[in-house]
$ cat structure_25.txt   # compact mmCIF, C-alpha atoms
# COMPACT_ATOMS: atom_id res chain seq x y z
CA GLY A 1 0.00 0.00 0.00
CA ASN A 2 0.94 3.63 -0.05
CA ALA A 3 -0.03 7.02 1.39
CA TRP A 4 -2.32 7.61 -1.53
CA ASP A 5 -4.55 4.67 -0.62
CA GLY A 6 -4.40 5.46 3.10
CA SER A 7 -2.16 2.52 4.05
CA GLY A 8 0.90 4.49 5.11
CA GLY A 9 3.58 4.44 2.39
CA GLY A 10 3.89 6.78 -0.58
CA PRO A 11 4.67 6.69 -4.25
CA VAL A 12 8.28 6.00 -5.02
CA ALA A 13 10.23 9.20 -5.40
CA GLU A 14 13.55 9.34 -7.15
CA THR A 15 15.87 12.30 -7.38
CA ALA A 16 15.91 13.82 -10.84
CA ALA A 17 19.07 15.22 -12.43
CA ASP A 18 18.12 18.72 -11.25
CA GLY A 19 17.92 17.50 -7.63
CA ARG A 20 14.12 17.65 -7.38
CA ALA A 21 12.16 14.60 -6.35
CA SER A 22 10.32 13.00 -9.21
CA VAL A 23 6.98 11.33 -8.52
CA ASP A 24 5.35 8.90 -10.89
CA PRO A 25 1.92 10.39 -11.72
CA THR A 26 0.62 6.82 -12.21
CA ALA A 27 0.46 6.24 -8.44
CA LEU A 28 -1.33 9.56 -7.99
CA VAL A 29 -3.84 8.70 -10.73
CA ALA A 30 -4.58 5.37 -9.01
CA ALA A 31 -5.24 7.23 -5.76
CA LEU A 32 -7.42 9.77 -7.52
CA ARG A 33 -9.54 6.97 -8.95
CA ARG A 34 -9.72 4.56 -6.01
CA GLY A 35 -8.31 6.20 -2.89
CA SER A 36 -9.97 7.33 0.30
CA ASP A 37 -11.36 10.87 0.50
CA ARG A 38 -8.09 12.13 1.98
CA ALA A 39 -5.99 10.23 -0.57
CA ARG A 40 -7.99 11.73 -3.45
CA ASP A 41 -7.55 15.23 -1.97
CA GLN A 42 -3.81 14.67 -1.62
CA ALA A 43 -3.43 13.15 -5.08
CA GLY A 44 -5.12 16.16 -6.67
CA ALA A 45 -2.86 18.54 -4.74
CA ALA A 46 0.26 16.56 -5.67
CA LEU A 47 -0.70 16.54 -9.35
CA ARG A 48 -1.24 20.31 -9.15
CA ARG A 49 2.25 20.77 -7.72
CA LEU A 50 3.73 18.65 -10.52
CA GLY A 51 2.15 20.95 -13.09
CA PRO A 52 3.05 20.03 -16.68
CA ARG A 53 5.07 17.02 -15.47
CA ALA A 54 1.68 15.45 -14.66
CA ALA A 55 0.28 15.83 -18.19
CA THR A 56 -0.34 12.08 -18.41
CA ALA A 57 -2.87 12.47 -15.56
CA VAL A 58 -5.17 14.84 -17.49
CA PRO A 59 -7.68 12.13 -18.55
CA ALA A 60 -8.04 10.92 -14.94
CA LEU A 61 -8.33 14.49 -13.69
CA ARG A 62 -11.10 15.18 -16.19
CA ASP A 63 -12.92 12.08 -14.94
CA ALA A 64 -12.46 13.24 -11.34
CA ILE A 65 -14.27 16.53 -12.02
CA SER A 66 -17.42 14.62 -11.09
CA ASP A 67 -16.02 13.31 -7.75
CA PRO A 68 -18.74 13.38 -5.06
CA ARG A 69 -16.42 15.26 -2.68
CA GLU A 70 -16.23 19.03 -3.26
CA ALA A 71 -12.67 19.31 -1.91
CA VAL A 72 -11.49 16.75 -4.47
CA ARG A 73 -13.27 18.56 -7.30
CA ALA A 74 -11.61 21.83 -6.24
CA GLU A 75 -8.14 20.24 -6.18
CA VAL A 76 -8.81 18.61 -9.55
CA GLU A 77 -9.78 21.96 -11.07
CA ARG A 78 -6.60 23.57 -9.69
CA ALA A 79 -4.49 20.66 -10.95
CA LEU A 80 -5.94 20.90 -14.45
CA ALA A 81 -5.29 24.64 -14.49
CA ALA A 82 -1.69 24.14 -13.34
CA ILE A 83 -1.05 21.44 -15.91
CA LEU A 84 -2.82 22.98 -18.89
CA THR A 85 -1.92 26.66 -18.46
CA ALA A 86 1.71 26.42 -17.33
CA PRO A 87 4.26 28.00 -19.65
CA LYS A 88 5.97 25.46 -21.86
CA TRP A 89 9.68 26.33 -22.12

$ encode --input "structure_25.txt" --output "structure tokens"
Amino acid sequence: GNAWDGSGGGPVAETAADGRASVDPTALVAALRRGSDRARDQAGAALRRLGPRAATAVPALRDAISDPREAVRAEVERALAAILTAPKW
């Protein structure tokens, strides 16, 4: 298990060449689709922080717009905005 499903661990992070931790959006997408309320909130926030690096999560984020929890929907909207409107250098 991992933090995204509420069982305690977290997605594997590796250090990228620029020294920043790199998180696999796949684990966050799984949490967004099947996690607890808290895990879905956290997954949306993490995807927002990843910005364009989470572009592969856009289909799952679009699906999550209809999440029954308002806090999740709000995070999903912010994540989509961060991913889709970030400058592309």

$ atom_distance --input "structure_25.txt" --atom1 "atom CA of A:Leu61" --atom2 "atom CA of A:Ser36"
15.8 Å

$ atom_distance --input "structure_25.txt" --atom1 "atom CA of A:Arg34" --atom2 "atom CA of A:Thr85"
26.5 Å

$ closest_residue --input "structure_25.txt" --among "A:Ala79, A:Ile65, A:Ala57, A:Ala71" --to "A:Thr26" --atoms "only C-alpha atoms"
A:Ala57

$ atom_distance --input "structure_25.txt" --atom1 "atom CA of A:Arg73" --atom2 "atom CA of A:Pro87"
23.4 Å

$ residues_around --input "structure_25.txt" --residues "A:Arg49" --least-positions-apart "2" --cutoff "9 Å" --atoms "only C-alpha atoms" --output "MDAnalysis selection string"
chainID A and resid 44:47 51 54 79 82:83

$ residues_near_point --input "structure_25.txt" --point "(-2.4, 11.9, -6.7)" --cutoff "9 Å" --atoms "only C-alpha atoms" --output "ChimeraX atom specification"
/A:4,25-33,39-48,57

$ residues_around --input "structure_25.txt" --residues "A:Arg62" --least-positions-apart "3" --cutoff "8 Å" --atoms "all atoms listed in the file" --output "ChimeraX atom specification"
/A:58-59,65,76,80

$ closest_residue --input "structure_25.txt" --among "A:Asp37, A:Asp63, A:Asp24, A:Pro52" --to "A:Glu77" --atoms "all atoms listed in the file"
A:Asp63

$ build_atoms --input "structure_25.txt" --residues "stretch 70-84 of chain A" --atoms "N, CA, C and O atoms" --output "PDB file, in the frame of the given file"
ATOM      1  N   GLU A  70     -16.533  17.704  -2.733  1.00  0.00           N
ATOM      2  CA  GLU A  70     -16.230  19.030  -3.260  1.00  0.00           C
ATOM      3  C   GLU A  70     -14.754  19.384  -3.160  1.00  0.00           C
ATOM      4  O   GLU A  70     -14.183  19.989  -4.079  1.00  0.00           O
ATOM      5  N   ALA A  71     -14.088  19.000  -2.072  1.00  0.00           N
ATOM      6  CA  ALA A  71     -12.670  19.310  -1.910  1.00  0.00           C
ATOM      7  C   ALA A  71     -11.830  18.650  -3.010  1.00  0.00           C
ATOM      8  O   ALA A  71     -10.863  19.235  -3.498  1.00  0.00           O
ATOM      9  N   VAL A  72     -12.210  17.441  -3.391  1.00  0.00           N
ATOM     10  CA  VAL A  72     -11.490  16.750  -4.470  1.00  0.00           C
ATOM     11  C   VAL A  72     -11.728  17.479  -5.783  1.00  0.00           C
ATOM     12  O   VAL A  72     -10.792  17.733  -6.542  1.00  0.00           O
ATOM     13  N   ARG A  73     -12.968  17.834  -6.056  1.00  0.00           N
ATOM     14  CA  ARG A  73     -13.270  18.560  -7.300  1.00  0.00           C
ATOM     15  C   ARG A  73     -12.477  19.858  -7.380  1.00  0.00           C
ATOM     16  O   ARG A  73     -11.948  20.213  -8.438  1.00  0.00           O
ATOM     17  N   ALA A  74     -12.357  20.571  -6.257  1.00  0.00           N
ATOM     18  CA  ALA A  74     -11.610  21.830  -6.240  1.00  0.00           C
ATOM     19  C   ALA A  74     -10.135  21.587  -6.538  1.00  0.00           C
ATOM     20  O   ALA A  74      -9.516  22.316  -7.325  1.00  0.00           O
ATOM     21  N   GLU A  75      -9.546  20.561  -5.918  1.00  0.00           N
ATOM     22  CA  GLU A  75      -8.140  20.240  -6.180  1.00  0.00           C
ATOM     23  C   GLU A  75      -7.941  19.824  -7.636  1.00  0.00           C
ATOM     24  O   GLU A  75      -6.953  20.185  -8.272  1.00  0.00           O
ATOM     25  N   VAL A  76      -8.885  19.062  -8.160  1.00  0.00           N
ATOM     26  CA  VAL A  76      -8.810  18.610  -9.550  1.00  0.00           C
ATOM     27  C   VAL A  76      -8.832  19.813 -10.493  1.00  0.00           C
ATOM     28  O   VAL A  76      -8.049  19.892 -11.443  1.00  0.00           O
ATOM     29  N   GLU A  77      -9.710  20.768 -10.225  1.00  0.00           N
ATOM     30  CA  GLU A  77      -9.780  21.960 -11.070  1.00  0.00           C
ATOM     31  C   GLU A  77      -8.464  22.734 -11.019  1.00  0.00           C
ATOM     32  O   GLU A  77      -7.957  23.190 -12.057  1.00  0.00           O
ATOM     33  N   ARG A  78      -7.887  22.869  -9.819  1.00  0.00           N
ATOM     34  CA  ARG A  78      -6.600  23.570  -9.690  1.00  0.00           C
ATOM     35  C   ARG A  78      -5.486  22.800 -10.386  1.00  0.00           C
ATOM     36  O   ARG A  78      -4.614  23.396 -11.014  1.00  0.00           O
ATOM     37  N   ALA A  79      -5.517  21.474 -10.291  1.00  0.00           N
ATOM     38  CA  ALA A  79      -4.490  20.660 -10.950  1.00  0.00           C
ATOM     39  C   ALA A  79      -4.575  20.803 -12.461  1.00  0.00           C
ATOM     40  O   ALA A  79      -3.553  20.971 -13.143  1.00  0.00           O
ATOM     41  N   LEU A  80      -5.787  20.736 -12.994  1.00  0.00           N
ATOM     42  CA  LEU A  80      -5.940  20.900 -14.450  1.00  0.00           C
ATOM     43  C   LEU A  80      -5.445  22.273 -14.889  1.00  0.00           C
ATOM     44  O   LEU A  80      -4.753  22.390 -15.910  1.00  0.00           O
ATOM     45  N   ALA A  81      -5.767  23.301 -14.137  1.00  0.00           N
ATOM     46  CA  ALA A  81      -5.290  24.640 -14.490  1.00  0.00           C
ATOM     47  C   ALA A  81      -3.771  24.713 -14.462  1.00  0.00           C
ATOM     48  O   ALA A  81      -3.150  25.275 -15.366  1.00  0.00           O
ATOM     49  N   ALA A  82      -3.153  24.113 -13.451  1.00  0.00           N
ATOM     50  CA  ALA A  82      -1.690  24.140 -13.340  1.00  0.00           C
ATOM     51  C   ALA A  82      -1.021  23.373 -14.470  1.00  0.00           C
ATOM     52  O   ALA A  82       0.023  23.769 -14.969  1.00  0.00           O
ATOM     53  N   ILE A  83      -1.631  22.272 -14.867  1.00  0.00           N
ATOM     54  CA  ILE A  83      -1.050  21.440 -15.910  1.00  0.00           C
ATOM     55  C   ILE A  83      -1.254  22.067 -17.291  1.00  0.00           C
ATOM     56  O   ILE A  83      -0.345  22.116 -18.115  1.00  0.00           O
ATOM     57  N   LEU A  84      -2.460  22.541 -17.545  1.00  0.00           N
ATOM     58  CA  LEU A  84      -2.820  22.980 -18.890  1.00  0.00           C
ATOM     59  C   LEU A  84      -2.452  24.422 -19.200  1.00  0.00           C
ATOM     60  O   LEU A  84      -2.380  24.795 -20.370  1.00  0.00           O
TER      61      LEU A  84
END
